[in-house]
$ cat my_file_37.cif   # mmCIF, C-alpha atoms and all ligand atoms
data_final
#
loop_
_atom_site.label_atom_id
_atom_site.label_comp_id
_atom_site.auth_asym_id
_atom_site.auth_seq_id
_atom_site.Cartn_x
_atom_site.Cartn_y
_atom_site.Cartn_z
CA SER A 1439 263.85 22.59 204.29
CA LYS A 1440 266.95 21.31 206.03
CA GLY A 1441 267.92 24.77 207.29
CA ASN A 1442 271.63 24.79 208.02
CA HIS A 1443 271.73 21.02 208.46
CA ARG A 1444 273.25 18.61 206.01
CA HIS A 1445 270.41 16.10 206.15
CA PHE A 1446 266.83 15.96 207.38
CA MET A 1447 267.96 13.35 209.87
CA GLN A 1448 270.41 15.78 211.44
CA LYS A 1449 267.82 18.54 211.51
CA GLU A 1450 265.32 16.19 213.12
CA MET A 1451 267.84 15.11 215.77
CA PHE A 1452 268.48 18.75 216.68
CA GLU A 1453 264.76 19.52 216.83
CA GLN A 1454 264.31 17.03 219.66
CA PRO A 1455 264.55 19.36 222.68
CA GLU A 1456 261.81 21.52 221.18
CA VAL A 1457 259.45 18.81 219.97
CA ILE A 1458 259.83 16.73 223.12
CA SER A 1459 258.87 19.69 225.24
CA HIS A 1460 255.90 20.29 222.96
CA THR A 1461 254.78 16.66 223.30
CA LEU A 1462 255.28 16.63 227.07
CA SER A 1463 253.32 19.85 227.56
CA ASN A 1464 250.34 18.25 225.86
CA TYR A 1465 250.17 15.63 228.62
CA LEU A 1466 251.72 17.31 231.64
CA ASP A 1467 251.23 20.49 233.59
CA PHE A 1468 254.77 21.48 234.49
CA THR A 1469 253.77 24.26 236.88
CA MET A 1470 251.53 22.02 238.93
CA GLY A 1471 253.71 18.94 238.45
CA THR A 1472 250.67 16.90 237.41
CA VAL A 1473 249.26 14.91 234.53
CA ARG A 1474 246.66 16.76 232.41
CA GLU A 1475 243.83 14.31 232.84
CA GLU A 1476 241.82 15.82 229.98
CA ALA A 1477 244.61 14.77 227.57
CA ILE A 1478 244.45 11.11 228.57
CA GLY A 1479 241.08 9.89 227.26
CA VAL A 1480 241.46 6.36 228.66
CA ASP A 1481 240.39 5.28 232.14
CA PHE A 1482 243.36 3.23 233.25
CA SER A 1483 241.61 2.24 236.49
CA THR A 1484 239.25 -0.01 234.49
CA ILE A 1485 241.85 -2.00 232.59
CA ASP A 1486 244.06 -4.76 233.91
CA ARG A 1487 246.39 -5.38 231.00
CA LEU A 1488 248.02 -3.49 228.17
CA THR A 1489 248.71 -5.12 224.80
CA ILE A 1490 251.12 -3.04 222.74
CA THR A 1491 251.82 -3.64 219.06
CA ALA A 1492 254.17 -1.79 216.68
CA CYS A 1493 256.95 -2.21 214.11
CA GLY A 1494 260.58 -1.13 213.91
CA THR A 1495 261.56 1.89 215.95
CA ALA A 1496 258.01 2.32 217.25
CA PHE A 1497 258.28 -1.22 218.64
CA TYR A 1498 261.50 -0.30 220.47
CA ALA A 1499 259.86 2.82 221.92
CA ALA A 1500 257.00 0.62 223.13
CA SER A 1501 259.51 -1.87 224.54
CA VAL A 1502 261.03 0.91 226.68
CA ALA A 1503 257.57 2.04 227.76
CA ARG A 1504 256.75 -1.47 228.90
CA TYR A 1505 259.21 -1.03 231.80
CA TRP A 1506 257.48 2.23 232.76
CA PHE A 1507 253.92 0.86 232.66
CA GLU A 1508 254.98 -2.15 234.71
CA GLN A 1509 257.09 -0.24 237.27
CA ILE A 1510 255.09 2.95 237.67
CA ALA A 1511 251.52 1.73 237.08
CA ARG A 1512 251.97 -1.98 237.98
CA LEU A 1513 250.14 -2.69 234.74
CA PRO A 1514 251.11 -5.99 233.03
CA VAL A 1515 252.19 -5.40 229.45
CA ASP A 1516 252.19 -7.79 226.49
CA ILE A 1517 254.17 -6.53 223.59
CA ASP A 1518 254.85 -7.85 220.13
CA ILE A 1519 255.83 -6.76 216.66
CA ALA A 1520 252.74 -6.31 214.51
CA SER A 1521 253.69 -8.84 211.81
CA GLU A 1522 253.74 -11.58 214.46
CA PHE A 1523 250.89 -10.33 216.63
CA ARG A 1524 248.38 -10.26 213.78
CA TYR A 1525 248.72 -14.00 213.15
CA ARG A 1526 249.41 -15.19 216.69
CA GLU A 1527 245.79 -15.70 217.68
CA MET A 1528 246.58 -14.51 221.14
CA PRO A 1529 243.76 -14.91 223.67
CA LEU A 1530 242.71 -11.40 224.57
CA SER A 1531 240.76 -10.30 227.60
CA LYS A 1532 238.08 -7.62 227.35
CA ASN A 1533 239.74 -5.72 230.17
CA SER A 1534 242.88 -5.18 228.10
CA LEU A 1535 243.62 -1.93 226.37
CA ALA A 1536 245.14 -2.48 222.92
CA LEU A 1537 247.75 0.21 222.24
CA PHE A 1538 249.32 0.76 218.82
CA VAL A 1539 252.40 2.88 218.25
CA SER A 1540 253.13 4.28 214.80
CA GLN A 1541 254.75 7.44 213.49
CA SER A 1542 252.95 7.33 210.13
CA GLY A 1543 249.75 5.70 211.34
CA GLU A 1544 249.70 3.76 208.06
CA THR A 1545 251.92 0.73 208.70
CA ALA A 1546 250.07 -2.26 207.20
CA ASP A 1547 250.85 -4.83 209.89
CA THR A 1548 250.09 -2.42 212.74
CA LEU A 1549 246.77 -1.50 211.15
CA ALA A 1550 245.86 -5.17 210.64
CA SER A 1551 246.66 -5.85 214.30
CA LEU A 1552 244.44 -2.95 215.32
CA ARG A 1553 241.54 -4.33 213.28
CA TYR A 1554 242.06 -7.77 214.81
CA CYS A 1555 241.82 -6.34 218.35
CA LYS A 1556 238.81 -4.27 217.41
CA ALA A 1557 237.02 -7.36 216.10
CA GLN A 1558 237.71 -8.99 219.49
CA GLY A 1559 235.91 -6.10 221.19
CA LEU A 1560 238.94 -4.42 222.76
CA LYS A 1561 239.23 -0.73 223.40
CA ILE A 1562 241.77 0.73 220.95
CA ALA A 1563 244.27 3.51 221.65
CA SER A 1564 247.13 4.71 219.50
CA VAL A 1565 250.28 6.78 219.84
CA VAL A 1566 250.64 8.37 216.41
CA ASN A 1567 252.49 11.26 214.86
CA VAL A 1568 250.09 11.73 211.93
CA THR A 1569 246.74 12.40 213.56
CA GLY A 1570 244.78 12.19 210.29
CA SER A 1571 246.14 8.71 209.56
CA THR A 1572 244.15 5.49 209.24
CA ILE A 1573 245.37 4.10 212.58
CA ALA A 1574 244.37 7.35 214.30
CA ARG A 1575 240.93 7.36 212.66
CA GLU A 1576 240.21 3.78 213.71
CA SER A 1577 241.22 4.33 217.36
CA ASP A 1578 238.93 5.10 220.30
CA ALA A 1579 241.63 7.26 221.90
CA ILE A 1580 244.55 9.02 220.21
CA PHE A 1581 247.77 10.11 221.89
CA PRO A 1582 249.55 12.44 219.47
CA THR A 1583 253.35 12.60 219.50
CA LEU A 1584 253.51 16.15 218.08
CA ALA A 1585 256.98 15.63 216.60
CA GLY A 1586 256.03 17.46 213.40
CA PRO A 1587 256.68 15.90 209.98
CA GLU A 1588 259.57 13.42 209.98
CA ILE A 1589 261.24 13.24 206.58
CA GLY A 1590 264.35 11.13 207.25
CA VAL A 1591 263.62 7.44 206.76
CA ALA A 1592 265.52 6.71 209.97
CA SER A 1593 263.21 7.69 212.78
CA THR A 1594 264.71 9.98 215.43
CA LYS A 1595 262.42 12.67 216.82
CA ALA A 1596 259.35 10.46 216.38
CA PHE A 1597 261.06 7.88 218.63
CA THR A 1598 261.83 10.28 221.47
CA CYS A 1599 258.37 11.86 221.19
CA GLN A 1600 256.82 8.38 221.40
CA LEU A 1601 258.89 7.81 224.54
CA SER A 1602 257.75 11.17 225.95
CA ALA A 1603 254.06 10.49 225.31
CA MET A 1604 254.24 6.98 226.76
CA ALA A 1605 256.19 8.12 229.84
CA ALA A 1606 253.39 10.62 230.50
CA LEU A 1607 250.80 7.87 229.93
CA ALA A 1608 252.56 5.59 232.40
CA ILE A 1609 252.38 8.33 235.03
CA ALA A 1610 248.69 8.88 234.21
CA ALA A 1611 248.09 5.14 234.50
CA GLY A 1612 249.91 5.01 237.84
CA LYS A 1613 247.81 7.87 239.16
CA ALA A 1614 244.53 6.31 237.97
CA ARG A 1615 245.45 2.93 239.42
CA GLY A 1616 246.64 4.40 242.71
CA THR A 1617 250.17 2.99 242.42
CA ILE A 1618 251.79 6.43 242.79
CA ASP A 1619 250.81 9.23 245.15
CA ALA A 1620 250.72 12.96 244.42
CA ARG A 1621 254.31 13.45 245.56
CA GLN A 1622 255.59 10.69 243.25
CA GLU A 1623 253.53 12.04 240.38
CA GLN A 1624 255.17 15.42 240.90
CA GLN A 1625 258.68 13.91 241.01
CA LEU A 1626 258.12 11.98 237.79
CA VAL A 1627 256.61 14.98 236.00
CA ARG A 1628 259.55 17.15 237.14
CA ALA A 1629 262.00 14.53 235.89
CA LEU A 1630 260.38 14.49 232.45
CA SER A 1631 260.27 18.26 232.28
CA GLU A 1632 264.08 18.30 232.52
CA ALA A 1633 264.60 16.01 229.51
CA PRO A 1634 264.81 18.77 226.85
CA ARG A 1635 267.50 20.63 228.80
CA TYR A 1636 269.64 17.49 229.18
CA ILE A 1637 269.17 16.60 225.52
CA ASN A 1638 270.46 20.04 224.58
CA GLN A 1639 273.62 19.29 226.56
CA VAL A 1640 274.04 15.95 224.79
CA LEU A 1641 273.72 17.57 221.36
CA LYS A 1642 276.87 19.51 222.21
CA LEU A 1643 278.82 16.23 222.20
CA GLU A 1644 278.42 15.97 218.44
CA ASN A 1645 282.11 16.58 217.64
CA GLN A 1646 283.30 13.91 220.05
CA ILE A 1647 280.78 11.45 218.63
CA GLU A 1648 281.75 12.31 215.07
CA ALA A 1649 285.37 11.48 215.91
CA ILE A 1650 284.38 8.05 217.26
CA CYS A 1651 282.52 7.39 214.00
CA GLN A 1652 285.76 7.60 212.03
CA HIS A 1653 286.55 4.22 213.63
CA LEU A 1654 283.03 2.80 213.36
CA ALA A 1655 282.92 3.57 209.65
CA LYS A 1656 285.70 0.99 209.11
CA VAL A 1657 284.12 -2.01 210.82
CA LYS A 1658 281.82 -4.76 209.53
CA HIS A 1659 279.94 -5.66 212.71
CA VAL A 1660 278.85 -3.85 215.85
CA LEU A 1661 277.22 -5.25 218.99
CA TYR A 1662 275.06 -3.07 221.27
CA LEU A 1663 274.42 -4.12 224.87
CA GLY A 1664 272.13 -2.78 227.58
CA ARG A 1665 269.93 -3.84 230.49
CA GLY A 1666 266.51 -2.65 231.58
CA THR A 1667 265.30 0.20 229.40
CA SER A 1668 268.78 0.30 227.85
CA TYR A 1669 268.08 -3.10 226.30
CA PRO A 1670 265.45 -1.89 223.80
CA LEU A 1671 267.69 1.12 223.29
CA ALA A 1672 270.50 -1.24 222.29
CA MET A 1673 268.20 -2.77 219.69
CA GLU A 1674 267.17 0.65 218.46
CA GLY A 1675 270.85 1.63 218.16
CA ALA A 1676 271.58 -1.47 216.09
CA LEU A 1677 268.58 -0.84 213.84
CA LYS A 1678 269.58 2.78 213.28
CA LEU A 1679 273.16 1.85 212.39
CA LYS A 1680 272.20 -0.90 209.94
CA GLU A 1681 269.51 1.22 208.27
CA ILE A 1682 271.73 4.09 207.28
CA SER A 1683 275.33 2.84 207.31
CA TYR A 1684 274.61 -0.77 206.16
CA ILE A 1685 276.96 -2.04 208.86
CA HIS A 1686 275.72 -5.24 210.42
CA ALA A 1687 274.68 -4.54 213.99
CA GLU A 1688 272.85 -6.42 216.70
CA GLY A 1689 271.33 -5.29 219.97
CA TYR A 1690 271.36 -7.70 222.89
CA ALA A 1691 270.34 -7.73 226.52
CA ALA A 1692 273.71 -7.56 228.32
CA GLY A 1693 272.76 -10.60 230.39
CA GLU A 1694 272.41 -12.69 227.24
CA LEU A 1695 276.05 -12.13 226.29
CA LYS A 1696 277.19 -15.39 227.87
CA HIS A 1697 274.41 -17.31 226.17
CA GLY A 1698 275.91 -16.97 222.73
CA PRO A 1699 277.07 -13.63 221.36
CA ILE A 1700 280.25 -13.65 223.47
CA ALA A 1701 281.60 -16.15 220.92
CA LEU A 1702 281.77 -13.29 218.41
CA ILE A 1703 283.94 -11.01 220.51
CA ASP A 1704 287.27 -10.03 218.99
CA GLU A 1705 289.12 -6.78 218.34
CA THR A 1706 287.33 -6.18 215.02
CA MET A 1707 283.78 -5.88 216.39
CA PRO A 1708 283.21 -2.82 218.59
CA VAL A 1709 280.76 -3.32 221.45
CA ILE A 1710 278.64 -0.30 222.34
CA VAL A 1711 277.61 -0.56 225.98
CA ILE A 1712 274.71 1.59 227.19
CA ALA A 1713 275.06 1.80 230.95
CA PRO A 1714 273.77 4.73 233.00
CA SER A 1715 274.82 4.38 236.66
CA ASP A 1716 271.49 2.95 237.79
CA ARG A 1717 270.71 -0.14 239.88
CA LEU A 1718 271.70 -2.40 236.96
CA TYR A 1719 275.01 -0.65 236.28
CA ASP A 1720 277.25 -3.14 238.13
CA LYS A 1721 275.75 -6.05 236.24
CA THR A 1722 276.30 -4.42 232.86
CA VAL A 1723 279.85 -3.44 233.82
CA SER A 1724 280.72 -7.03 234.60
CA ASN A 1725 279.49 -8.01 231.11
CA MET A 1726 281.61 -5.21 229.70
CA GLN A 1727 284.65 -6.53 231.54
CA GLU A 1728 284.01 -9.95 230.01
CA VAL A 1729 284.10 -8.29 226.60
CA ALA A 1730 287.34 -6.44 227.39
CA ALA A 1731 288.97 -9.60 228.76
CA ARG A 1732 288.44 -11.23 225.36
CA GLY A 1733 290.04 -8.42 223.44
CA GLY A 1734 286.77 -6.71 222.56
CA ARG A 1735 286.82 -2.95 222.09
CA VAL A 1736 284.19 -1.07 224.04
CA ILE A 1737 282.45 2.21 223.39
CA LEU A 1738 280.81 3.04 226.71
CA ILE A 1739 277.84 5.39 226.98
CA THR A 1740 277.35 6.34 230.60
CA ASP A 1741 277.41 9.25 233.07
CA ARG A 1742 280.28 10.66 235.15
CA LYS A 1743 279.90 8.15 237.96
CA GLY A 1744 279.57 5.32 235.47
CA ALA A 1745 282.74 6.38 233.66
CA GLU A 1746 284.68 6.31 236.95
CA GLY A 1747 283.35 2.88 237.86
CA ALA A 1748 284.10 1.19 234.53
CA ARG A 1749 287.72 0.18 235.28
CA ILE A 1750 288.63 -0.90 231.75
CA ASP A 1751 290.36 0.81 228.85
CA THR A 1752 287.56 1.72 226.51
CA MET A 1753 287.93 2.64 222.86
CA ALA A 1754 285.82 5.68 223.76
CA THR A 1755 283.61 6.79 226.62
CA ILE A 1756 280.69 9.11 225.97
CA VAL A 1757 279.89 10.85 229.25
CA LEU A 1758 276.32 12.09 229.51
CA PRO A 1759 274.84 14.28 232.24
CA ASP A 1760 273.54 12.63 235.43
CA VAL A 1761 269.83 12.34 234.81
CA PRO A 1762 266.84 10.99 236.75
CA GLU A 1763 266.30 7.29 236.01
CA LEU A 1764 262.94 7.82 234.28
CA ILE A 1765 264.45 9.91 231.50
CA THR A 1766 267.60 7.91 230.75
CA PRO A 1767 266.13 6.33 227.58
CA LEU A 1768 265.22 9.79 226.27
CA VAL A 1769 268.68 11.21 226.90
CA TYR A 1770 270.65 8.10 225.88
CA ALA A 1771 268.75 7.91 222.57
CA LEU A 1772 270.74 10.91 221.37
CA PRO A 1773 274.27 9.46 221.26
CA ILE A 1774 272.75 6.32 219.72
CA GLN A 1775 271.27 8.39 216.89
CA MET A 1776 274.38 10.53 216.44
CA LEU A 1777 276.67 7.49 216.27
CA ALA A 1778 274.58 6.03 213.44
CA TYR A 1779 274.25 9.36 211.66
CA HIS A 1780 277.94 10.30 211.64
CA THR A 1781 279.05 6.79 210.75
CA ALA A 1782 276.75 6.90 207.72
CA VAL A 1783 277.90 10.40 206.76
CA THR A 1784 281.53 9.31 207.04
CA MET A 1785 280.80 6.35 204.77
CA GLY A 1786 278.98 8.56 202.29
CA THR A 1787 275.67 6.68 202.19
CA ASP A 1788 272.33 8.31 201.39
CA VAL A 1789 271.34 9.09 204.96
CA ASP A 1790 267.82 10.41 204.37
CA GLN A 1791 266.88 7.84 201.70
CA PRO A 1792 268.75 4.63 202.54
CA ARG A 1793 268.64 1.87 199.95
CA ASN A 1794 265.72 -0.58 199.95
CA LEU A 1795 263.78 1.30 202.65
CA ALA A 1796 260.50 3.22 202.56
CA LYS A 1797 259.44 5.79 205.15
CA SER A 1798 256.13 4.11 205.61
CA VAL A 1799 255.59 0.38 205.07
CA THR A 1800 252.01 0.20 203.77
CA VAL A 1801 252.23 -3.33 202.36
CA GLU A 1802 252.73 -6.52 204.30
O1 LIG B 1 255.30 4.67 210.80
P1 LIG B 1 255.64 3.59 211.78
O2 LIG B 1 256.10 4.16 213.10
O3 LIG B 1 254.52 2.61 212.00
O4 LIG B 1 256.86 2.82 211.16
C1 LIG B 1 257.39 1.69 211.78
C2 LIG B 1 258.71 1.31 211.17
O5 LIG B 1 258.56 1.02 209.80
C3 LIG B 1 259.77 2.39 211.34
O6 LIG B 1 259.96 2.75 212.66
C4 LIG B 1 261.13 1.94 210.75
O7 LIG B 1 261.65 0.88 211.50
C5 LIG B 1 262.09 3.13 210.69
N1 LIG B 1 262.73 3.18 209.41
C6 LIG B 1 263.11 3.15 211.80
O8 LIG B 1 264.09 4.10 211.66
#
$ encode --input "my_file_37.cif" --output "C-alpha cells"
Amino acid sequence: SKGNHRHFMQKEMFEQPEVISHTLSNYLDFTMGTVREEAIGVDFSTIDRLTITACGTAFYAASVARYWFEQIARLPVDIDIASEFRYREMPLSKNSLALFVSQSGETADTLASLRYCKAQGLKIASVVNVTGSTIARESDAIFPTLAGPEIGVASTKAFTCQLSAMAALAIAAGKARGTIDARQEQQLVRALSEAPRYINQVLKLENQIEAICQHLAKVKHVLYLGRGTSYPLAMEGALKLKEISYIHAEGYAAGELKHGPIALIDETMPVIVIAPSDRLYDKTVSNMQEVAARGGRVILITDRKGAEGARIDTMATIVLPDVPELITPLVYALPIQMLAYHTAVTMGTDVDQPRNLAKSVTVE
C-alpha cells in the first residue's frame, strides 16, 4: 500500500534512507569501517577490466559507478546500454568481469548481453533487485540491491540502492587491488554510512522543491547539466522528468554546452545545474554563467559554499547539506527525483503508470 503517500513513487522516494542503509549494511561493516568480504563473491585482484551493461536508470547508476571504479580501484570500465552492447561485437578479454545492472533482472536486452558475455567465457556478475530473476539466476555472482519491491514505473529507490551497492563494490575492488589502504577504506565506508542521514535532511526540502515545480510544470523543454558523477545524474534527471511529466528534457555534460546545446538557451527553457562544490565546481559555474548571460534561467542544485560562489541570479537554488564527495550522487539524486515527481503531480499526469511505459521491458 501507499501508506500516507499519494503515489508509490513518493512512498519509494521517502523509503530511501531506510533501504539504502539496508543495502549498505549488506556490504559494509559500519562499526569496523570495512568492507564485508564475504558479501563480495568476486576476486577483483584477478580482473583487469570491468564491462558494465544496463538500460535506462540502471545504466545511469552504472555510469556514476564507473567514476568510482576508475578513481578508487583504478579499474578501467567499459560501459554501454544493453541494446547497443549486444550487437556491437566488442572484443572481450577473459580477464574482464562482465557486470549487469537491472532492477527487475528481466530486461530483454540486458539478459541478451549477459548471454553474449557468457558465451565468450567471461565471469558474470549482476546488481539486481529481484534476486529470483533470470539475470540473477544466470550470474556467477549476485549483488542484491535490497530496495524491496519497486512499484512506480519511474525508478527511484532502486537507483540509489544500485549506487549504494556499486559504491561498496568499488571500495571492495580498491581494497583487493591494493589501490586504497585501510585508512582510506575506513574513510570511504564512513562517508557511505552517512548517506541515509543526509538524505533524510534533503527529504525535508520537499515544500521548497514543490514550489519550484509550479514553474517547471509550465515549460516545454528543460536542460540538465553536470560534470563528473553529476553528468550521469543530469541524464537521470532528464529521463525522470520526461517519463512522468512528458516534458522534453535532456541531460548534458556541462562541458559540452558550447559544442551545441547553448544554441537552445533562452528564457523559456530552464537549465537545471547540478554542482556540488567539488573540484569541478568552478568549471560548471562558468558554464552556468554562460547560460545566464544568454538569458537562460537556472535552477542550481548545490551546497552552501556552492550557493555563495554562484554569483548569478538563479530562478531557484536548492541548497543541500555539505557531504563527502563519494556520496554526492546519492544525495543529489533526491532533488532530481522530487523535481520530476512534483512537476508531474502539478500537471496531473499518471505518476505511477505513465503512458506508453512498462515497469519491466521484457521484449526487445
Ligand atoms: O529492470 P531494469 O533495471 O533492467 O530496467 C531498466 C529500465 O527499463 C528502467 O530503469 C527504466 O528506464 C525506468 N522506467 C526508469 O525510471
$ residues_near_ligand --input "my_file_37.cif" --ligand "ligand LIG 1 (chain B)" --cutoff "8 Å" --atoms "all atoms listed in the file" --output "short mmCIF file (atom, residue, chain, number, x, y, z; two decimals) with C-alpha atoms, keeping the file's coordinate frame"
data_model
loop_
_atom_site.label_atom_id
_atom_site.label_comp_id
_atom_site.auth_asym_id
_atom_site.auth_seq_id
_atom_site.Cartn_x
_atom_site.Cartn_y
_atom_site.Cartn_z
CA ALA A 1492 254.17 -1.79 216.68
CA CYS A 1493 256.95 -2.21 214.11
CA GLY A 1494 260.58 -1.13 213.91
CA THR A 1495 261.56 1.89 215.95
CA ALA A 1496 258.01 2.32 217.25
CA PHE A 1497 258.28 -1.22 218.64
CA VAL A 1539 252.40 2.88 218.25
CA SER A 1540 253.13 4.28 214.80
CA GLN A 1541 254.75 7.44 213.49
CA SER A 1542 252.95 7.33 210.13
CA GLY A 1543 249.75 5.70 211.34
CA GLU A 1544 249.70 3.76 208.06
CA THR A 1545 251.92 0.73 208.70
CA THR A 1548 250.09 -2.42 212.74
CA VAL A 1566 250.64 8.37 216.41
CA VAL A 1591 263.62 7.44 206.76
CA ALA A 1592 265.52 6.71 209.97
CA SER A 1593 263.21 7.69 212.78
CA THR A 1594 264.71 9.98 215.43
CA ALA A 1596 259.35 10.46 216.38
CA PHE A 1597 261.06 7.88 218.63
CA LEU A 1677 268.58 -0.84 213.84
CA LYS A 1678 269.58 2.78 213.28
CA GLU A 1681 269.51 1.22 208.27
CA LEU A 1795 263.78 1.30 202.65
CA ALA A 1796 260.50 3.22 202.56
CA LYS A 1797 259.44 5.79 205.15
CA SER A 1798 256.13 4.11 205.61
CA VAL A 1799 255.59 0.38 205.07
#
$ residues_around --input "my_file_37.cif" --residues "Val1711 in chain A" --least-positions-apart "3" --cutoff "10 Å" --atoms "all atoms listed in the file" --output "ChimeraX atom specification"
/A:1661-1665,1668-1669,1672,1689-1690,1692,1708,1714,1722-1723,1725-1726,1736-1740,1755
$ residues_around --input "my_file_37.cif" --residues "Ser1564 in chain A" --least-positions-apart "4" --cutoff "7 Å" --atoms "only C-alpha atoms" --output "list in words"
Leu1537, Phe1538, Val1539, Ala1574, Ser1577, Ala1579, Ile1580 and Phe1581 of chain A
$ closest_residue --input "my_file_37.cif" --among "A:Ile1765, A:Glu1476, A:Asp1486, A:Asn1794" --to "Arg1635 in chain A" --atoms "only C-alpha atoms"
A:Ile1765
$ residues_around --input "my_file_37.cif" --residues "Pro1529 in chain A" --least-positions-apart "6" --cutoff "12 Å" --atoms "all atoms listed in the file" --output "MDAnalysis selection string"
chainID A and resid 1489 1516 1523 1554:1555 1558 1560
$ closest_residue --input "my_file_37.cif" --among "A:Thr1484, A:Gln1624, A:Thr1583, A:Ser1521" --to "Ser1534 in chain A" --atoms "all atoms listed in the file"
A:Thr1484
$ closest_residue --input "my_file_37.cif" --among "A:Val1515, A:Val1657, A:Ile1710, A:Leu1777" --to "His1686 in chain A" --atoms "all atoms listed in the file"
A:Val1657
$ atom_distance --input "my_file_37.cif" --atom1 "CA of Arg1793 in chain A" --atom2 "CA of Leu1549 in chain A"
24.8 Å
$ atom_distance --input "my_file_37.cif" --atom1 "CA of Thr1781 in chain A" --atom2 "CA of Glu1705 in chain A"
18.5 Å
$ residues_around --input "my_file_37.cif" --residues "Lys1595 in chain A" --least-positions-apart "5" --cutoff "9 Å" --atoms "all atoms listed in the file" --output "list in words"
Met1447, Glu1450, Met1451, Phe1452, Glu1453, Gln1454, Val1457, Ile1458, Ala1585, Gly1586, Glu1588 and Gln1600 of chain A
$ atom_distance --input "my_file_37.cif" --atom1 "CA of Phe1446 in chain A" --atom2 "CA of Gly1590 in chain A"
5.4 Å
$ closest_residue --input "my_file_37.cif" --among "A:Val1761, A:Ala1676, A:Val1473, A:Met1785" --to "Ala1629 in chain A" --atoms "only C-alpha atoms"
A:Val1761
$ residues_around --input "my_file_37.cif" --residues "Ser1602 in chain A" --least-positions-apart "3" --cutoff "12 Å" --atoms "all atoms listed in the file" --output "count of residues only"
48
$ closest_residue --input "my_file_37.cif" --among "A:Ser1531, A:Thr1784, A:Ser1571, A:Thr1469" --to "Ala1546 in chain A" --atoms "all atoms listed in the file"
A:Ser1571
$ closest_residue --input "my_file_37.cif" --among "A:Gly1616, A:Leu1772, A:Asp1788, A:Gly1747" --to "Tyr1636 in chain A" --atoms "only C-alpha atoms"
A:Leu1772
